[in-house]
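Working notes, beginning with the structure itself.
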Amino acid sequence: MSVRAAVQAGILLGIVLDLPVVAPLVRRLTGSPQSERVDVDRVTVEVVRPPGQGPWPTWVFVNGAHPLRRREPVVARLVEGLARAGFLVVAPDVPGLGDGTVTARSVEATHAVVAASVERPDVRNGQVALVGASTGAGLALLAASSPRVAGRISVVAAVVPFADLRKLICLATTSAYEEDGRFARFEVTDLHRLVVARSLAATLPEAAEREQLLAALAEIEREALNPLEELPRRGEPRSGEARAVLRLLANRDPERFGELFDALPQPVRAFVGELSPLRACRALGAPVEIVVPPLDTYFPPGEARSLLTALPQARLTVTRVLDHTRPTASLAGLRGLIALLGFALRGIEAAGRRP
């Protein structure tokens with residue numbers, strides 16, 4: 001690793017972890033980034049420039065399903081840290097992620113932002129690195145696999161990514177995760193259930209029925225109820241497509257999941273396949289750095305293992321520093337911090353390397 005990459009990683013982690021003494025010192029010793037907002041394919045994108053003259057090595061950041069999106073404090077620190085370390089940062093407000101709905105439009109918008117970024121004159125060598133968190137990590141992997149940007153991605157840094165959306169739908173509905181042909185119990189949250197229910201409802205072709213289900217889910221969220229238990233009580237849908245989705249959401253038996261999934265409308269099943277990074281892995285040529293906690297709240301360890309098996313160019317880092325995607329120095333000792341530093345160093349080295 002170069003000395004420059006080590007310094008950049010130190011700057012980044014000092015800001016992201018908000019380390020006492022270190023973060024204020026970094027801010028005093030580095031110039032303040034400059035920010036502007038642009039529009040790409042009807043998506044609001046924040047572009048943050050480091051001090052000095054470009055072109056710069058560049059990161060595109062894709063956030064997870066969170067109401068604050070790129071305004072979440074840890075995301076703001078990540079963007080600031082990368083910019084103070086000398087990187088241009090492109091951070092889109094990916095449609096749907098703010099309200100926990102992942103749709104084909106979410107994938108399409110991420111692809112569009114990445115494709116536009118590699119063409120920017122202030123991006124060095126027409127190459128970008130991608131970093132994503134949680135759902136955003138899956139979207140970043142999908143974007144990196146697109147033929148539109150083949151050969152233009154320097155590295156993908158995936159912070160707790162998902163791999164197989166079909167397995168995660170089974171998990172959200174039955175609290176069981178399938179691995180090696182067997183089901184294992186894994187506790188899920190109402191956020192799991194809500195994201196899955198919203199995303200499947202959003203694929204329905206009938207607009208009125210689709211909006212009715214999404215409105216019911218919004219009301220259920222406000223009432224802090226279990227969406228999978230409560231949604232069937234909010235009215236019987238007219239179409240067979242919607243009834244098939246509700247039957248799947250109402251099922252709690254993992255042994256019946258396959259049968260109910262196969263009964264879903266073809267566009268819904270196609271959407272699940274298209275949104276599963278594991279299916280797109282063969283087209284991904286860039287190196288991939290994956291970082292996860294030993295046991296994550298949302299995605300079982302099998303998701304990262306599946307990606308590691310499918311991607312010969314991937315490397316997995318396991319560290320207790322992460323609380324899902326939020327890094328905090330209070331969660332781990334020196335070994336965990338060293339593991340996170342290694343992940344950051346390898347990503348920064350790859351992103352800054354000239355082709």
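Naming scheme: A, B, ... for chains in displayed order of the structure tokens; residues 1 onward per chain; ligands 1 onward as shown.
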
For stretch 83-97 of chain A: contacts at 7 Å, only C-alpha atoms, fewer than 5 positions along chain excluded, given as number ranges by chain: A: 8, 11-12, 30-33, 43-50, 56-62, 64-66, 69-70, 102-103, 105-106, 109-110

Proximity of stretch 119-219 of chain A to stretch 265-279 of chain A: per-residue shortest pair, 10 Å limit, only C-alpha atoms, as JSON lines:
```
{"residue": "A:Ala137", "atom": "CA", "partner": "A:Pro277", "partner_atom": "CA", "distance": 9.3}
{"residue": "A:Gly138", "atom": "CA", "partner": "A:Pro277", "partner_atom": "CA", "distance": 6.0}
{"residue": "A:Leu139", "atom": "CA", "partner": "A:Pro277", "partner_atom": "CA", "distance": 7.6}
{"residue": "A:Ala140", "atom": "CA", "partner": "A:Pro277", "partner_atom": "CA", "distance": 8.9}
{"residue": "A:Leu141", "atom": "CA", "partner": "A:Pro277", "partner_atom": "CA", "distance": 6.1}
{"residue": "A:Leu142", "atom": "CA", "partner": "A:Pro277", "partner_atom": "CA", "distance": 5.5}
{"residue": "A:Ala143", "atom": "CA", "partner": "A:Pro277", "partner_atom": "CA", "distance": 9.3}
{"residue": "A:Ala144", "atom": "CA", "partner": "A:Pro277", "partner_atom": "CA", "distance": 9.9}
{"residue": "A:Ser145", "atom": "CA", "partner": "A:Pro277", "partner_atom": "CA", "distance": 8.6}
{"residue": "A:Pro161", "atom": "CA", "partner": "A:Pro277", "partner_atom": "CA", "distance": 9.0}
{"residue": "A:Phe162", "atom": "CA", "partner": "A:Pro277", "partner_atom": "CA", "distance": 7.5}
{"residue": "A:Ala163", "atom": "CA", "partner": "A:Leu278", "partner_atom": "CA", "distance": 5.1}
{"residue": "A:Asp164", "atom": "CA", "partner": "A:Ser276", "partner_atom": "CA", "distance": 4.8}
{"residue": "A:Leu165", "atom": "CA", "partner": "A:Ser276", "partner_atom": "CA", "distance": 5.2}
{"residue": "A:Arg166", "atom": "CA", "partner": "A:Val272", "partner_atom": "CA", "distance": 6.3}
{"residue": "A:Lys167", "atom": "CA", "partner": "A:Ser276", "partner_atom": "CA", "distance": 9.7}
{"residue": "A:Leu168", "atom": "CA", "partner": "A:Ser276", "partner_atom": "CA", "distance": 9.9}
{"residue": "A:Ile169", "atom": "CA", "partner": "A:Val272", "partner_atom": "CA", "distance": 9.1}
{"residue": "A:Ser199", "atom": "CA", "partner": "A:Val272", "partner_atom": "CA", "distance": 9.6}
{"residue": "A:Leu200", "atom": "CA", "partner": "A:Val268", "partner_atom": "CA", "distance": 7.0}
{"residue": "A:Ala201", "atom": "CA", "partner": "A:Val268", "partner_atom": "CA", "distance": 9.2}
{"residue": "A:Ala202", "atom": "CA", "partner": "A:Val268", "partner_atom": "CA", "distance": 9.4}
{"residue": "A:Thr203", "atom": "CA", "partner": "A:Val268", "partner_atom": "CA", "distance": 6.0}
{"residue": "A:Leu204", "atom": "CA", "partner": "A:Val268", "partner_atom": "CA", "distance": 7.4}
{"residue": "A:Pro205", "atom": "CA", "partner": "A:Pro267", "partner_atom": "CA", "distance": 8.6}
```

For stretch 315-327 of chain A, list every protein, DNA or RNA residue within 7 Å, evaluated using only C-alpha atoms, and leave out those in the same chain fewer than 3 positions away; present the list as a CSV table (one decimal) with N, CA and C atoms, in the first residue's frame.
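And here is the file that came out, part17.csv:
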```csv
chain,number,residue,atom,x,y,z
A,17,LEU,N,-15.5,7.9,11.7
A,17,LEU,CA,-15.7,7.4,13.1
A,17,LEU,C,-15.9,8.6,14.1
A,74,VAL,N,-23.9,9.7,9.4
A,74,VAL,CA,-22.7,8.9,9.0
A,74,VAL,C,-22.4,9.0,7.5
A,133,ALA,N,-24.0,1.0,0.8
A,133,ALA,CA,-24.3,0.5,2.2
A,133,ALA,C,-25.6,-0.2,2.1
A,134,SER,N,-25.7,-1.4,2.6
A,134,SER,CA,-26.9,-2.2,2.8
A,134,SER,C,-27.6,-2.4,1.4
A,159,VAL,N,-20.6,-2.4,1.7
A,159,VAL,CA,-20.8,-2.4,3.1
A,159,VAL,C,-22.1,-3.1,3.5
A,160,VAL,N,-21.9,-4.4,3.9
A,160,VAL,CA,-23.1,-5.2,4.3
A,160,VAL,C,-24.1,-5.3,3.1
A,288,VAL,N,-13.8,-6.3,-5.8
A,288,VAL,CA,-14.9,-6.1,-4.9
A,288,VAL,C,-14.4,-6.3,-3.4
A,289,GLU,N,-14.6,-5.2,-2.6
A,289,GLU,CA,-14.3,-5.3,-1.2
A,289,GLU,C,-15.6,-5.3,-0.4
A,290,ILE,N,-15.8,-6.4,0.3
A,290,ILE,CA,-17.0,-6.6,1.1
A,290,ILE,C,-16.6,-6.5,2.6
A,291,VAL,N,-17.4,-5.7,3.4
A,291,VAL,CA,-17.2,-5.6,4.8
A,291,VAL,C,-18.5,-5.9,5.5
A,292,VAL,N,-18.5,-6.7,6.6
A,292,VAL,CA,-19.7,-7.0,7.3
A,292,VAL,C,-19.4,-7.2,8.8
A,293,PRO,N,-20.4,-7.1,9.7
A,293,PRO,CA,-20.1,-7.5,11.1
A,293,PRO,C,-20.3,-9.0,11.2
A,294,PRO,N,-19.8,-9.6,12.3
A,294,PRO,CA,-19.9,-11.0,12.5
A,294,PRO,C,-21.4,-11.5,12.3
A,296,ASP,N,-25.1,-9.7,11.4
A,296,ASP,CA,-25.8,-8.5,11.1
A,296,ASP,C,-27.3,-8.6,11.4
A,297,THR,N,-27.9,-7.4,11.7
A,297,THR,CA,-29.3,-7.4,12.1
A,297,THR,C,-30.2,-7.7,10.9
A,308,LEU,N,-19.0,-13.9,-2.1
A,308,LEU,CA,-17.6,-14.2,-2.1
A,308,LEU,C,-17.3,-15.5,-2.9
A,331,LEU,N,-17.5,-0.1,19.4
A,331,LEU,CA,-18.0,-1.5,19.3
A,331,LEU,C,-16.9,-2.5,19.3
A,332,ALA,N,-15.7,-2.1,19.1
A,332,ALA,CA,-14.7,-3.1,18.9
A,332,ALA,C,-13.3,-2.7,19.4
A,336,GLY,N,-10.6,-5.0,15.5
A,336,GLY,CA,-11.7,-4.6,14.7
A,336,GLY,C,-11.4,-3.4,13.9
A,337,LEU,N,-10.7,-2.4,14.5
A,337,LEU,CA,-10.4,-1.2,13.9
A,337,LEU,C,-9.3,-1.5,12.8
A,339,ALA,N,-9.0,-4.2,11.1
A,339,ALA,CA,-9.7,-4.8,10.0
A,339,ALA,C,-10.4,-3.8,9.1
A,340,LEU,N,-11.1,-2.8,9.7
A,340,LEU,CA,-11.8,-1.8,9.0
A,340,LEU,C,-10.8,-0.9,8.2
A,343,PHE,N,-9.8,-2.7,5.1
A,343,PHE,CA,-10.8,-2.6,4.1
A,343,PHE,C,-10.7,-1.2,3.4
```

Straight-line distance linking atom CA of A:Pro312 with atom CA of A:Pro287, stated in Å to one decimal: 8.8 Å

Residue neighbourhood stretch 171-182 of chain A, 12 Å, only C-alpha atoms, exclusion window fewer than 6 positions, as JSON, numbers by chain: {"A": [164, 165, 188, 189, 190, 191, 192, 193, 194, 195, 196, 197, 226, 227, 228, 229, 245, 246, 247, 248, 249, 250, 251, 252, 253, 254, 255, 256, 257, 258, 260, 261, 298, 299, 300, 301, 302, 303, 305, 306]}

Residues of stretch 52-82 of chain A in helix (DSSP H, G or I), written as a ChimeraX atom specification: /A:69-71,73-82

Export N, CA and C atoms of the chosen residues as a tab-separated table (two decimals), in the first residue's frame?
```tsv
chain	number	residue	atom	x	y	z
A	69	ARG	N	-31.52	9.34	3.77
A	69	ARG	CA	-30.68	9.07	2.61
A	69	ARG	C	-29.29	9.69	2.80
A	70	ARG	N	-28.82	10.51	1.85
A	70	ARG	CA	-27.46	11.05	1.96
A	70	ARG	C	-27.32	12.09	3.06
A	71	ARG	N	-28.43	12.48	3.69
A	71	ARG	CA	-28.34	13.45	4.79
A	71	ARG	C	-28.18	12.77	6.15
A	73	PRO	N	-26.32	11.38	9.20
A	73	PRO	CA	-25.02	11.90	9.69
A	73	PRO	C	-23.82	11.07	9.28
A	74	VAL	N	-23.89	9.74	9.39
A	74	VAL	CA	-22.72	8.93	9.04
A	74	VAL	C	-22.43	9.02	7.55
A	75	VAL	N	-23.47	9.17	6.73
A	75	VAL	CA	-23.26	9.34	5.29
A	75	VAL	C	-22.59	10.68	5.02
A	76	ALA	N	-23.06	11.73	5.69
A	76	ALA	CA	-22.45	13.06	5.52
A	76	ALA	C	-20.97	13.02	5.89
A	77	ARG	N	-20.64	12.27	6.96
A	77	ARG	CA	-19.23	12.17	7.37
A	77	ARG	C	-18.42	11.38	6.34
A	78	LEU	N	-19.01	10.32	5.79
A	78	LEU	CA	-18.32	9.54	4.77
A	78	LEU	C	-17.99	10.41	3.56
A	79	VAL	N	-18.97	11.15	3.08
A	79	VAL	CA	-18.76	12.02	1.91
A	79	VAL	C	-17.71	13.07	2.23
A	80	GLU	N	-17.82	13.69	3.39
A	80	GLU	CA	-16.83	14.68	3.78
A	80	GLU	C	-15.43	14.07	3.87
A	81	GLY	N	-15.33	12.88	4.50
A	81	GLY	CA	-14.03	12.24	4.67
A	81	GLY	C	-13.39	11.91	3.34
A	82	LEU	N	-14.16	11.37	2.40
A	82	LEU	CA	-13.61	11.06	1.08
A	82	LEU	C	-13.14	12.32	0.36
```
